[in-house]
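Q: Below is the file input.txt, with compact mmCIF, C-alpha atoms (C1' of nucleotides).
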# COMPACT_ATOMS: atom_id res chain seq x y z
CA MET A 57 -3.88 28.30 -32.18
CA THR A 58 -6.49 28.88 -29.57
CA SER A 59 -4.35 30.75 -27.08
CA ALA A 60 -0.89 31.64 -25.91
CA HIS A 61 -0.01 30.47 -22.44
CA PRO A 62 1.39 32.93 -19.96
CA PRO A 63 5.05 32.42 -19.07
CA ALA A 64 5.77 29.44 -16.87
CA ASP A 65 6.42 31.38 -13.71
CA LEU A 66 3.03 33.03 -13.89
CA ARG A 67 1.08 30.03 -15.03
CA GLN A 68 -0.46 27.79 -12.45
CA ARG A 69 0.23 24.10 -12.65
CA PHE A 70 -1.53 22.14 -15.33
CA ILE A 71 -3.30 20.00 -12.82
CA ASP A 72 -4.80 22.95 -10.98
CA ASP A 73 -7.20 23.49 -13.85
CA TYR A 74 -7.57 19.88 -14.94
CA LEU A 75 -11.02 18.51 -14.32
CA LEU A 76 -9.97 14.92 -13.76
CA TYR A 77 -7.46 15.98 -11.17
CA LEU A 78 -9.93 18.23 -9.39
CA MET A 79 -12.42 15.39 -9.23
CA ALA A 80 -9.87 12.88 -7.98
CA ARG A 81 -8.47 15.26 -5.43
CA ALA A 82 -11.79 16.48 -4.12
CA SER A 83 -12.93 12.91 -3.75
CA HIS A 84 -9.69 12.01 -2.03
CA VAL A 85 -9.50 14.80 0.51
CA VAL A 86 -13.12 14.50 1.50
CA SER A 87 -13.02 10.73 1.69
CA ASP A 88 -9.83 10.74 3.68
CA GLU A 89 -11.63 12.21 6.64
CA PHE A 90 -13.95 9.26 6.74
CA HIS A 91 -11.22 6.79 5.94
CA GLU A 92 -9.46 8.00 9.04
CA GLN A 93 -12.41 6.74 11.05
CA LEU A 94 -12.19 3.45 9.22
CA ARG A 95 -8.52 3.17 10.00
CA ARG A 96 -9.20 3.58 13.68
CA ARG A 97 -11.49 0.56 13.41
CA ARG A 98 -8.93 -1.41 11.36
CA ILE A 99 -11.27 -1.58 8.40
CA SER A 100 -9.85 -1.02 4.95
CA VAL A 101 -11.55 1.09 2.34
CA PRO A 102 -12.29 -1.83 -0.01
CA VAL A 103 -13.83 -3.78 2.86
CA TRP A 104 -16.03 -0.82 3.72
CA ARG A 105 -17.07 -0.50 0.10
CA VAL A 106 -18.11 -4.12 -0.11
CA LEU A 107 -20.07 -3.94 3.11
CA ALA A 108 -21.77 -0.72 2.07
CA SER A 109 -22.61 -2.12 -1.35
CA LEU A 110 -24.38 -5.06 0.16
CA VAL A 111 -26.62 -3.03 2.39
CA GLY A 112 -29.59 -2.31 0.19
CA SER A 113 -28.68 -5.00 -2.26
CA PRO A 114 -27.96 -8.46 -0.88
CA GLY A 115 -26.84 -11.28 -3.14
CA GLU A 116 -24.53 -9.30 -5.35
CA THR A 117 -22.24 -11.29 -7.59
CA VAL A 118 -18.46 -11.09 -7.51
CA THR A 119 -18.34 -9.30 -10.83
CA GLY A 120 -21.12 -6.96 -9.78
CA LEU A 121 -19.37 -6.11 -6.55
CA ALA A 122 -16.11 -5.49 -8.35
CA GLU A 123 -17.85 -3.05 -10.65
CA VAL A 124 -19.62 -1.25 -7.85
CA CYS A 125 -16.52 -1.09 -5.66
CA LEU A 126 -14.33 0.14 -8.49
CA LEU A 127 -12.05 -2.89 -8.32
CA GLN A 128 -10.94 -5.60 -10.71
CA GLN A 129 -12.67 -8.91 -10.53
CA PRO A 130 -9.68 -10.94 -9.34
CA THR A 131 -9.05 -8.33 -6.68
CA MET A 132 -12.60 -8.77 -5.50
CA THR A 133 -12.21 -12.54 -5.31
CA LYS A 134 -9.22 -12.15 -3.03
CA LEU A 135 -10.86 -9.42 -1.00
CA LEU A 136 -13.86 -11.66 -0.46
CA ASP A 137 -11.55 -14.49 0.63
CA ARG A 138 -10.30 -12.24 3.41
CA MET A 139 -13.75 -11.01 4.31
CA VAL A 140 -15.06 -14.56 4.51
CA ARG A 141 -12.07 -15.47 6.66
CA ASP A 142 -12.92 -12.53 8.92
CA GLY A 143 -16.55 -13.53 9.12
CA LEU A 144 -17.98 -10.45 7.45
CA VAL A 145 -19.60 -12.02 4.39
CA LYS A 146 -20.57 -15.43 3.10
CA ARG A 147 -20.55 -16.87 -0.40
CA THR A 148 -23.41 -18.94 -1.77
CA GLN A 149 -23.88 -20.61 -5.12
CA ASP A 150 -26.56 -19.28 -7.38
CA SER A 151 -29.16 -21.97 -7.95
CA ARG A 152 -29.92 -21.14 -11.56
CA ASP A 153 -26.37 -20.57 -12.79
CA ARG A 154 -23.75 -22.52 -10.97
CA ARG A 155 -20.94 -20.33 -12.19
CA VAL A 156 -22.34 -17.45 -10.20
CA VAL A 157 -21.40 -16.73 -6.61
CA ARG A 158 -23.78 -14.62 -4.55
CA VAL A 159 -22.34 -12.64 -1.66
CA GLY A 160 -24.24 -11.82 1.50
CA LEU A 161 -23.55 -10.22 4.84
CA THR A 162 -23.10 -12.38 7.90
CA PRO A 163 -24.71 -11.20 11.14
CA ARG A 164 -21.32 -9.87 12.13
CA GLY A 165 -20.89 -8.08 8.79
CA ASP A 166 -24.33 -6.63 9.19
CA ALA A 167 -23.55 -5.32 12.64
CA VAL A 168 -20.31 -3.78 11.47
CA VAL A 169 -21.82 -2.08 8.46
CA GLU A 170 -24.71 -0.78 10.49
CA GLU A 171 -22.35 1.17 12.69
CA LEU A 172 -20.26 2.37 9.77
CA ILE A 173 -23.25 3.63 7.88
CA ALA A 174 -24.27 5.70 10.86
CA LEU A 175 -20.80 7.20 10.90
CA ALA A 176 -20.89 7.78 7.18
CA ARG A 177 -24.21 9.58 7.32
CA ARG A 178 -22.98 11.81 10.09
CA HIS A 179 -19.81 12.61 8.22
CA GLU A 180 -21.67 13.29 5.01
CA ALA A 181 -23.90 15.75 6.80
CA GLU A 182 -20.85 17.54 8.12
CA VAL A 183 -19.31 17.74 4.69
CA LEU A 184 -22.44 19.17 3.14
CA ALA A 185 -22.81 21.64 5.97
CA ARG A 186 -19.26 22.76 5.42
CA HIS A 187 -19.84 23.35 1.72
CA PRO A 188 -23.12 25.17 1.46
CA GLU A 189 -22.67 26.04 -2.21
CA ALA A 190 -22.53 22.34 -2.94
CA GLU A 191 -26.06 21.80 -1.77
CA ALA A 192 -26.79 18.17 -1.37
CA LEU A 193 -29.21 17.83 -4.21
CA ALA A 194 -27.30 20.01 -6.60
CA ILE A 195 -23.97 18.29 -6.42
CA LYS A 196 -25.43 14.84 -6.07
CA ASN A 197 -27.65 15.32 -9.07
CA LEU A 198 -24.75 16.61 -11.08
CA LEU A 199 -22.64 13.60 -10.20
CA ARG A 200 -25.51 11.27 -10.85
CA ALA A 201 -26.03 12.80 -14.27
CA ILE A 202 -22.40 12.18 -15.07
CA LEU A 203 -22.69 8.61 -13.90
CA ARG A 204 -25.89 8.00 -15.80
CA ARG A 205 -24.24 8.99 -19.02
CA HIS A 206 -21.47 6.53 -18.33
CA ALA A 207 -23.75 3.76 -17.23
CA LYS A 208 -23.30 0.51 -19.04
CA PRO A 209 -26.29 -1.82 -19.00
CA ARG A 210 -25.78 -3.93 -15.94
CA ARG A 211 -27.76 -6.91 -14.76
CA SER A 212 -29.48 -6.50 -11.46
CA ALA A 213 -28.16 -8.06 -8.31
CA THR A 214 -31.18 -10.10 -7.43
CA ASN A 215 -31.69 -12.03 -10.59
CA GLY A 216 -29.08 -13.75 -12.63
CA GLY A 217 -30.37 -12.27 -15.90
CA MET B 159 -36.28 8.67 15.16
CA THR B 160 -35.76 11.00 12.26
CA SER B 161 -37.45 8.86 9.66
CA ALA B 162 -38.68 5.44 8.75
CA HIS B 163 -36.96 3.85 5.81
CA PRO B 164 -39.03 2.26 3.09
CA PRO B 165 -38.80 -1.52 2.95
CA ALA B 166 -35.54 -2.89 1.63
CA ASP B 167 -36.85 -3.96 -1.72
CA LEU B 168 -38.07 -0.47 -2.52
CA ARG B 169 -35.14 1.40 -1.10
CA GLN B 170 -32.21 2.11 -3.33
CA ARG B 171 -28.79 1.10 -2.15
CA PHE B 172 -27.17 3.25 0.49
CA ILE B 173 -24.30 4.11 -1.78
CA ASP B 174 -26.53 5.45 -4.52
CA ASP B 175 -27.25 8.51 -2.44
CA TYR B 176 -23.93 8.72 -0.62
CA LEU B 177 -21.92 11.76 -1.60
CA LEU B 178 -18.50 10.22 -1.07
CA TYR B 179 -19.41 7.30 -3.26
CA LEU B 180 -20.82 9.51 -5.99
CA MET B 181 -17.64 11.56 -5.99
CA ALA B 182 -15.38 8.51 -6.06
CA ARG B 183 -17.37 6.82 -8.75
CA ALA B 184 -17.72 9.86 -10.97
CA SER B 185 -14.02 10.46 -10.70
CA HIS B 186 -13.33 6.83 -11.46
CA VAL B 187 -15.52 6.36 -14.51
CA VAL B 188 -14.43 9.58 -16.12
CA SER B 189 -10.77 9.03 -15.37
CA ASP B 190 -10.86 5.48 -16.61
CA GLU B 191 -11.38 6.68 -20.14
CA PHE B 192 -8.15 8.57 -20.00
CA HIS B 193 -6.36 5.85 -18.11
CA GLU B 194 -7.17 3.55 -20.98
CA GLN B 195 -5.08 5.80 -23.20
CA LEU B 196 -2.30 5.65 -20.65
CA ARG B 197 -2.45 1.89 -20.61
CA ARG B 198 -1.98 1.75 -24.34
CA ARG B 199 1.24 3.70 -23.85
CA ARG B 200 2.33 1.51 -20.92
CA ILE B 201 2.27 4.43 -18.55
CA SER B 202 0.82 3.91 -15.11
CA VAL B 203 -1.51 6.36 -13.45
CA PRO B 204 0.95 7.30 -10.69
CA VAL B 205 3.66 7.94 -13.27
CA TRP B 206 1.31 10.18 -15.22
CA ARG B 207 0.42 12.05 -12.05
CA VAL B 208 4.04 12.73 -11.20
CA LEU B 209 4.83 13.90 -14.71
CA ALA B 210 1.77 16.13 -14.83
CA SER B 211 2.52 17.57 -11.40
CA LEU B 212 5.96 18.63 -12.48
CA VAL B 213 4.80 20.51 -15.54
CA GLY B 214 4.09 23.98 -14.22
CA SER B 215 6.05 23.34 -11.07
CA PRO B 216 9.58 22.00 -11.40
CA GLY B 217 11.65 21.12 -8.36
CA GLU B 218 8.91 19.59 -6.28
CA THR B 219 10.02 17.66 -3.21
CA VAL B 220 9.29 13.99 -2.63
CA THR B 221 6.84 14.73 0.13
CA GLY B 222 5.23 17.48 -1.91
CA LEU B 223 4.79 15.19 -4.88
CA ALA B 224 3.30 12.51 -2.69
CA GLU B 225 0.75 14.97 -1.41
CA VAL B 226 -0.14 16.28 -4.83
CA CYS B 227 -0.34 12.81 -6.36
CA LEU B 228 -2.46 11.45 -3.54
CA LEU B 229 0.13 8.87 -2.55
CA GLN B 230 2.08 8.03 0.59
CA GLN B 231 5.58 9.32 0.87
CA PRO B 232 7.30 5.89 0.81
CA THR B 233 5.26 5.00 -2.24
CA MET B 234 6.52 8.12 -3.94
CA THR B 235 10.14 7.34 -3.09
CA LYS B 236 9.84 3.97 -4.78
CA LEU B 237 7.86 5.34 -7.69
CA LEU B 238 10.59 7.91 -8.26
CA ASP B 239 13.19 5.14 -8.13
CA ARG B 240 11.47 3.52 -11.08
CA MET B 241 10.96 6.78 -12.92
CA VAL B 242 14.63 7.65 -12.52
CA ARG B 243 15.52 4.18 -13.76
CA ASP B 244 13.29 4.78 -16.78
CA GLY B 245 14.83 8.14 -17.47
CA LEU B 246 11.72 10.22 -16.88
CA VAL B 247 12.83 12.32 -13.91
CA LYS B 248 16.00 13.20 -12.07
CA ARG B 249 16.66 13.82 -8.40
CA THR B 250 18.82 16.69 -7.20
CA GLN B 251 19.82 17.70 -3.70
CA ASP B 252 18.49 20.96 -2.40
CA SER B 253 21.38 23.30 -1.74
CA ARG B 254 19.97 24.94 1.36
CA ASP B 255 18.53 21.86 3.07
CA ARG B 256 20.40 18.69 2.35
CA ARG B 257 17.58 16.47 3.52
CA VAL B 258 15.43 17.71 0.67
CA VAL B 259 15.36 16.06 -2.75
CA ARG B 260 14.12 18.13 -5.65
CA VAL B 261 12.59 16.28 -8.56
CA GLY B 262 12.76 17.50 -12.14
CA LEU B 263 11.79 16.22 -15.56
CA THR B 264 14.45 14.86 -17.86
CA PRO B 265 14.22 15.81 -21.53
CA ARG B 266 12.62 12.44 -22.13
CA GLY B 267 10.13 12.98 -19.30
CA ASP B 268 9.34 16.36 -20.69
CA ALA B 269 8.68 14.96 -24.14
CA VAL B 270 6.45 12.24 -22.74
CA VAL B 271 4.41 14.56 -20.57
CA GLU B 272 4.03 17.05 -23.38
CA GLU B 273 2.23 14.47 -25.46
CA LEU B 274 0.14 13.23 -22.56
CA ILE B 275 -1.01 16.70 -21.67
CA ALA B 276 -2.22 17.21 -25.20
CA LEU B 277 -4.22 14.00 -24.88
CA ALA B 278 -5.51 15.03 -21.50
CA ARG B 279 -6.70 18.39 -22.73
CA ARG B 280 -8.47 16.80 -25.65
CA HIS B 281 -10.14 14.26 -23.42
CA GLU B 282 -11.17 16.87 -20.90
CA ALA B 283 -12.81 18.90 -23.64
CA GLU B 284 -14.76 15.83 -24.72
CA VAL B 285 -15.91 15.16 -21.18
CA LEU B 286 -17.11 18.71 -20.68
CA ALA B 287 -18.85 18.67 -24.04
CA ARG B 288 -20.60 15.48 -23.06
CA HIS B 289 -21.86 16.98 -19.79
CA PRO B 290 -23.15 20.41 -20.66
CA GLU B 291 -24.83 20.92 -17.31
CA ALA B 292 -21.45 20.57 -15.68
CA GLU B 293 -20.09 23.64 -17.37
CA ALA B 294 -16.39 23.88 -17.06
CA LEU B 295 -16.27 26.83 -14.76
CA ALA B 296 -19.16 25.80 -12.60
CA ILE B 297 -18.01 22.34 -11.69
CA LYS B 298 -14.36 23.28 -11.52
CA ASN B 299 -15.08 26.18 -9.24
CA LEU B 300 -17.20 23.99 -7.04
CA LEU B 301 -14.45 21.43 -6.73
CA ARG B 302 -11.87 24.11 -6.14
CA ALA B 303 -13.97 25.58 -3.37
CA ILE B 304 -14.13 22.19 -1.73
CA LEU B 305 -10.39 21.80 -2.05
CA ARG B 306 -9.66 25.26 -0.76
CA ARG B 307 -11.56 24.55 2.40
CA HIS B 308 -9.51 21.44 2.93
CA ALA B 309 -6.21 23.05 2.12
CA LYS B 310 -3.55 22.63 4.71
CA PRO B 311 -0.80 25.20 4.69
CA ARG B 312 1.78 23.75 2.37
CA ARG B 313 5.21 25.05 1.54
CA SER B 314 5.70 26.04 -2.05
CA ALA B 315 7.69 23.91 -4.44
CA THR B 316 10.28 26.49 -5.37
CA ASN B 317 11.50 27.50 -1.97
CA GLY B 318 12.25 25.35 0.97
CA GLY B 319 9.93 27.31 3.25
C1' DG C 247 -25.79 -34.87 -28.47
C1' DT C 248 -21.27 -32.50 -30.05
C1' DG C 249 -18.44 -28.74 -30.47
C1' DA C 250 -17.66 -23.84 -30.43
C1' DT C 251 -18.25 -19.57 -28.07
C1' DG C 252 -18.56 -16.81 -24.22
C1' DA C 253 -19.26 -15.69 -19.21
C1' DA C 254 -18.12 -16.16 -14.02
C1' DA C 255 -14.99 -16.97 -10.80
C1' DT C 256 -10.46 -18.46 -9.34
C1' DT C 257 -5.40 -19.09 -9.43
C1' DG C 258 -0.60 -17.84 -9.90
C1' DC C 259 3.09 -14.91 -10.70
C1' DC C 260 4.92 -10.57 -10.38
C1' DT C 261 4.62 -5.59 -9.30
C1' DT C 262 3.19 -2.10 -6.33
C1' DT C 263 1.66 -0.22 -1.96
C1' DT C 264 1.50 0.00 2.95
C1' DC C 265 3.11 0.28 7.69
C1' DA C 266 6.62 0.71 10.74
C1' DT C 267 10.97 1.91 11.26
C1' DG C 268 15.71 3.79 10.26
C1' DT C 269 19.01 7.50 9.15
C1' DA C 270 20.56 11.89 8.21
C1' DA C 271 19.86 16.77 8.56
C1' DC C 272 17.88 20.88 10.53
C1' DC C 273 16.19 23.76 14.62
C1' DT C 274 15.66 25.48 19.23
C1' DG C 275 17.03 26.42 23.82
C1' DT C 276 20.45 26.34 27.00
C1' DA D 233 28.47 23.19 21.44
C1' DC D 234 25.07 19.87 22.12
C1' DA D 235 20.73 17.55 23.81
C1' DG D 236 15.98 16.96 22.42
C1' DG D 237 12.67 17.44 19.16
C1' DT D 238 11.24 17.56 14.38
C1' DT D 239 11.38 17.04 9.37
C1' DA D 240 12.79 14.71 4.89
C1' DC D 241 13.67 10.82 2.67
C1' DA D 242 14.81 5.87 2.35
C1' DT D 243 14.32 0.95 3.50
C1' DG D 244 12.38 -3.71 4.49
C1' DA D 245 8.98 -7.07 5.45
C1' DA D 246 4.28 -8.09 4.64
C1' DA D 247 -0.19 -7.15 2.39
C1' DA D 248 -2.66 -5.97 -1.54
C1' DG D 249 -3.31 -5.34 -6.41
C1' DG D 250 -2.75 -6.13 -11.60
C1' DC D 251 -2.61 -9.09 -15.49
C1' DA D 252 -2.75 -13.23 -17.89
C1' DA D 253 -4.05 -17.71 -17.79
C1' DT D 254 -7.19 -21.62 -16.20
C1' DT D 255 -11.43 -23.95 -14.76
C1' DT D 256 -16.16 -24.55 -14.72
C1' DC D 257 -20.48 -23.81 -16.50
C1' DA D 258 -24.08 -22.08 -19.74
C1' DT D 259 -25.68 -21.22 -24.44
C1' DC D 260 -26.05 -21.49 -29.23
C1' DA D 261 -25.59 -23.66 -33.83
C1' DC D 262 -25.62 -27.66 -36.12
Translate the structure described by the file into C-alpha cells.
A:
Amino acid sequence: MTSAHPPADLRQRFIDDYLLYLMARASHVVSDEFHEQLRRRRISVPVWRVLASLVGSPGETVTGLAEVCLLQQPTMTKLLDRMVRDGLVKRTQDSRDRRVVRVGLTPRGDAVVEELIALARRHEAEVLARHPEAEALAIKNLLRAILRRHAKPRRSATNGG
Amino acid sequence: MTSAHPPADLRQRFIDDYLLYLMARASHVVSDEFHEQLRRRRISVPVWRVLASLVGSPGETVTGLAEVCLLQQPTMTKLLDRMVRDGLVKRTQDSRDRRVVRVGLTPRGDAVVEELIALARRHEAEVLARHPEAEALAIKNLLRAILRRHAKPRRSATNGG
DNA sequence: GTGATGAAATTGCCTTTTCATGTAACCTGT
DNA sequence: ACAGGTTACATGAAAAGGCAATTTCATCAC
C-alpha cells in the first residue's frame, strides 16, 4: 500500500484534493461572476458561448460550434434554432457540401457580442489582478498546454475540409 | 485606444486567449475522460458529485451539497429524490433544526462511491503524469488559492452553525 | 452507375434543470 | 407570546438537455 489515510474526522474531503474537482470548481466560481452579468442581460451561457465563438471565426459549422461550446450536437441545433428565432445568428448552406450548415452572426448578434466581449475583457482583467500568482501568461499557457495534449485533429471553420 | 487588433483573418479567436474559456475547456476535456467511465456504469455526473462530496463529510445539508456540487438547490432536492429512490443516499432530519435535512450514504452508496473513488484516483494520476509541467502541487495550489479568494463563509457540514 | 459506408444536421421522446413560488421552521425585538 | 424577517427545503410549470433514431448528402469500391 502506498499510504494509510488519517482517520476520517481529521481527513479533509476527497474532493478537496481532487484535481478534476478543483478545476471544475475554480472554473465555476470565476465564471459565475461573469455569468451574473449575462443574467442581467437575459443572455444564457450557451448563447454567449456561441456568440463568442463566432467572433474571430465566422462560418463555423454546427458540429464545430458544438465542440467549441462544449455541447452535444443536437443541443447545438436546438440552441441555434432559438438564436435564429431571436435574430442573433443566421444559418447558410455550405456551397461545396450541402450537408454542412455554416453559422454567422447577424448585425444584431454582432452588436450584442461586441458589448459582451468588452465586459468579458474587463472582467478577465479583474480576475487576473485579483490573483497575481496566476499571472496571465503562466496560467493561460498551462491550460493551453493541457488543451493541446487533448486536441483532436479538427477541420478548420473556414473550409469544409 | 489601447491597441489595434490585427486583421480578422490573422487574429485568433477571442476565446482562444480568454481565461474563463480556457478554464472551462480544460476542465471539460479532462473531466470527460472520467465521465466516460461513469457513463459505462450508468452513473450521472451529478450523482457522482454528490457521492464524492459525502465521502469525507457525512451529514451534509441539501443546500450545502448544492453549493459543493455546483448545482442549484431545487436541482439538488430532485437529484436526491432520485438517489434515495435508487438506494444510494438517505435523508434524515436534523435534531436541532427541523428545517434541515442531513444527507448520508447508504451501504450501497458507500460501496458504489468506494469503487468510483478508486477509479478517480487512478485517472487523476494518469492526468498528472501526462502533464508534467502541471505538477500536482503547483496546479492544485494555484486552483486552491483561487478558490480560497472566492470562498464565502459557509457553515460546516457537521454542525448546524 | 449501383450499393455500401460514413458524415452532418435534424427530429422526437424522455429526463433533467431552471425559475419562481410555496411551506414550514427558526430568530429577533417588543 | 407574536409579528416580521429570514433560512431550509420542496414543488410545479416551462425550458433546456441527452440519447437514439432518421434524413440527406458525399465518398469509395466495384
Q: Which residues are near stretch 253-260 of chain C? Cut-off 12 Å, all atoms listed in the file, ignore same chain within fewer than 4 positions. Put them as a VMD selection string.
A: (chain A and resid 117 to 120 122 129 to 134 136 to 137 147 149 to 150 153 to 158 216) or (chain D and resid 249 to 259)
Q: Between atom CA of B:Leu229 and atom CA of B:Glu191, what is the distance, to one decimal in Å?
A: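 Rounded to one decimal, the two atoms are 21.1 Å apart.
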Q: For the reference chain B, what are the coordinates of chain A after least-squares fitting (all Cα, in-order pairing), as a CSV table (one decimal) with C-alpha atoms, keeping the file's coordinate frame?
A:
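What ended up in superposed-v2.csv:
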chain,number,residue,atom,x,y,z
A,57,MET,CA,-36.1,9.8,14.6
A,58,THR,CA,-35.7,11.8,11.4
A,59,SER,CA,-37.4,9.3,9.0
A,60,ALA,CA,-38.5,5.8,8.4
A,61,HIS,CA,-36.8,4.0,5.6
A,62,PRO,CA,-38.9,2.4,2.9
A,63,PRO,CA,-38.8,-1.4,2.9
A,64,ALA,CA,-35.6,-2.9,1.6
A,65,ASP,CA,-36.9,-4.1,-1.7
A,66,LEU,CA,-38.0,-0.6,-2.6
A,67,ARG,CA,-35.0,1.2,-1.2
A,68,GLN,CA,-32.1,1.9,-3.4
A,69,ARG,CA,-28.7,0.9,-2.2
A,70,PHE,CA,-27.1,3.0,0.4
A,71,ILE,CA,-24.2,3.9,-1.8
A,72,ASP,CA,-26.5,5.3,-4.5
A,73,ASP,CA,-27.2,8.3,-2.4
A,74,TYR,CA,-23.9,8.5,-0.6
A,75,LEU,CA,-21.9,11.6,-1.6
A,76,LEU,CA,-18.5,10.0,-1.0
A,77,TYR,CA,-19.3,7.1,-3.3
A,78,LEU,CA,-20.8,9.3,-6.0
A,79,MET,CA,-17.6,11.4,-6.0
A,80,ALA,CA,-15.3,8.4,-6.0
A,81,ARG,CA,-17.3,6.7,-8.8
A,82,ALA,CA,-17.7,9.8,-10.9
A,83,SER,CA,-14.0,10.4,-10.7
A,84,HIS,CA,-13.3,6.8,-11.5
A,85,VAL,CA,-15.5,6.3,-14.5
A,86,VAL,CA,-14.4,9.5,-16.1
A,87,SER,CA,-10.8,9.0,-15.4
A,88,ASP,CA,-10.9,5.5,-16.6
A,89,GLU,CA,-11.4,6.7,-20.2
A,90,PHE,CA,-8.2,8.6,-20.0
A,91,HIS,CA,-6.4,5.9,-18.1
A,92,GLU,CA,-7.2,3.6,-21.0
A,93,GLN,CA,-5.1,5.8,-23.2
A,94,LEU,CA,-2.3,5.7,-20.7
A,95,ARG,CA,-2.5,1.9,-20.6
A,96,ARG,CA,-2.0,1.8,-24.4
A,97,ARG,CA,1.2,3.8,-23.8
A,98,ARG,CA,2.3,1.5,-20.9
A,99,ILE,CA,2.2,4.5,-18.5
A,100,SER,CA,0.8,3.9,-15.1
A,101,VAL,CA,-1.5,6.4,-13.4
A,102,PRO,CA,0.9,7.3,-10.7
A,103,VAL,CA,3.6,8.0,-13.3
A,104,TRP,CA,1.3,10.2,-15.2
A,105,ARG,CA,0.4,12.1,-12.0
A,106,VAL,CA,4.0,12.8,-11.2
A,107,LEU,CA,4.8,13.9,-14.7
A,108,ALA,CA,1.7,16.2,-14.8
A,109,SER,CA,2.5,17.6,-11.4
A,110,LEU,CA,5.9,18.7,-12.5
A,111,VAL,CA,4.8,20.5,-15.5
A,112,GLY,CA,4.1,24.0,-14.2
A,113,SER,CA,6.1,23.4,-11.0
A,114,PRO,CA,9.6,22.0,-11.4
A,115,GLY,CA,11.7,21.1,-8.4
A,116,GLU,CA,8.9,19.6,-6.3
A,117,THR,CA,10.0,17.7,-3.2
A,118,VAL,CA,9.3,14.0,-2.6
A,119,THR,CA,6.8,14.9,0.2
A,120,GLY,CA,5.2,17.6,-1.9
A,121,LEU,CA,4.8,15.2,-4.9
A,122,ALA,CA,3.3,12.6,-2.6
A,123,GLU,CA,0.8,15.0,-1.4
A,124,VAL,CA,-0.1,16.3,-4.8
A,125,CYS,CA,-0.3,12.8,-6.3
A,126,LEU,CA,-2.4,11.5,-3.5
A,127,LEU,CA,0.2,8.9,-2.5
A,128,GLN,CA,2.1,8.1,0.7
A,129,GLN,CA,5.7,9.4,0.9
A,130,PRO,CA,7.4,6.0,0.9
A,131,THR,CA,5.3,5.0,-2.2
A,132,MET,CA,6.5,8.2,-3.9
A,133,THR,CA,10.2,7.3,-3.1
A,134,LYS,CA,9.8,4.0,-4.8
A,135,LEU,CA,7.8,5.4,-7.7
A,136,LEU,CA,10.6,7.9,-8.3
A,137,ASP,CA,13.2,5.1,-8.2
A,138,ARG,CA,11.4,3.5,-11.1
A,139,MET,CA,10.9,6.8,-12.9
A,140,VAL,CA,14.6,7.6,-12.5
A,141,ARG,CA,15.4,4.1,-13.8
A,142,ASP,CA,13.2,4.8,-16.8
A,143,GLY,CA,14.7,8.1,-17.5
A,144,LEU,CA,11.7,10.2,-16.9
A,145,VAL,CA,12.8,12.3,-13.9
A,146,LYS,CA,16.0,13.2,-12.1
A,147,ARG,CA,16.6,13.8,-8.4
A,148,THR,CA,18.8,16.7,-7.2
A,149,GLN,CA,19.8,17.7,-3.7
A,150,ASP,CA,18.5,21.0,-2.4
A,151,SER,CA,21.4,23.3,-1.8
A,152,ARG,CA,19.9,25.0,1.3
A,153,ASP,CA,18.6,21.9,3.1
A,154,ARG,CA,20.4,18.7,2.3
A,155,ARG,CA,17.6,16.5,3.5
A,156,VAL,CA,15.5,17.7,0.7
A,157,VAL,CA,15.4,16.1,-2.7
A,158,ARG,CA,14.1,18.1,-5.6
A,159,VAL,CA,12.6,16.3,-8.6
A,160,GLY,CA,12.7,17.5,-12.1
A,161,LEU,CA,11.8,16.2,-15.6
A,162,THR,CA,14.4,14.9,-17.9
A,163,PRO,CA,14.2,15.8,-21.6
A,164,ARG,CA,12.6,12.4,-22.1
A,165,GLY,CA,10.1,13.0,-19.3
A,166,ASP,CA,9.3,16.4,-20.7
A,167,ALA,CA,8.6,15.0,-24.1
A,168,VAL,CA,6.4,12.3,-22.7
A,169,VAL,CA,4.4,14.6,-20.6
A,170,GLU,CA,4.0,17.1,-23.4
A,171,GLU,CA,2.2,14.5,-25.5
A,172,LEU,CA,0.1,13.3,-22.5
A,173,ILE,CA,-1.0,16.7,-21.6
A,174,ALA,CA,-2.3,17.3,-25.2
A,175,LEU,CA,-4.3,14.1,-24.9
A,176,ALA,CA,-5.6,15.1,-21.5
A,177,ARG,CA,-6.8,18.4,-22.7
A,178,ARG,CA,-8.5,16.8,-25.6
A,179,HIS,CA,-10.2,14.3,-23.4
A,180,GLU,CA,-11.2,16.9,-20.9
A,181,ALA,CA,-12.9,18.9,-23.6
A,182,GLU,CA,-14.8,15.8,-24.6
A,183,VAL,CA,-15.9,15.2,-21.1
A,184,LEU,CA,-17.2,18.7,-20.6
A,185,ALA,CA,-18.9,18.7,-23.9
A,186,ARG,CA,-20.7,15.5,-23.0
A,187,HIS,CA,-21.9,16.9,-19.7
A,188,PRO,CA,-23.2,20.4,-20.5
A,189,GLU,CA,-24.9,20.9,-17.2
A,190,ALA,CA,-21.5,20.5,-15.6
A,191,GLU,CA,-20.1,23.6,-17.3
A,192,ALA,CA,-16.4,23.8,-16.9
A,193,LEU,CA,-16.3,26.8,-14.6
A,194,ALA,CA,-19.2,25.7,-12.5
A,195,ILE,CA,-18.0,22.3,-11.6
A,196,LYS,CA,-14.4,23.2,-11.4
A,197,ASN,CA,-15.1,26.1,-9.1
A,198,LEU,CA,-17.2,23.9,-6.9
A,199,LEU,CA,-14.5,21.3,-6.6
A,200,ARG,CA,-11.9,24.0,-6.0
A,201,ALA,CA,-14.0,25.5,-3.3
A,202,ILE,CA,-14.1,22.1,-1.6
A,203,LEU,CA,-10.4,21.7,-2.0
A,204,ARG,CA,-9.7,25.2,-0.6
A,205,ARG,CA,-11.6,24.4,2.5
A,206,HIS,CA,-9.5,21.3,3.0
A,207,ALA,CA,-6.2,23.0,2.1
A,208,LYS,CA,-3.5,22.6,4.7
A,209,PRO,CA,-0.8,25.2,4.6
A,210,ARG,CA,1.8,23.8,2.3
A,211,ARG,CA,5.2,25.1,1.5
A,212,SER,CA,5.7,26.1,-2.1
A,213,ALA,CA,7.7,23.9,-4.5
A,214,THR,CA,10.3,26.4,-5.4
A,215,ASN,CA,11.6,27.4,-2.1
A,216,GLY,CA,12.4,25.2,0.8
A,217,GLY,CA,10.5,27.3,3.3
Q: For chain C, report every residue with an atom at most 8 Å from chain B (counting only C-alpha atoms (C1' of nucleotides)), formatted as a list of chain:residue names.
A: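 Selected residues: C:DT263, C:DA270, C:DA271, C:DC272.
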Q: Residues proximal to (6.5, -2.4, 10.5) were defined as those with any atom within 10 Å of that point in the file's coordinates, counting all atoms listed in the file. Which are they, as a ChimeraX atom specification?
A: /C:264-267 /D:244-246
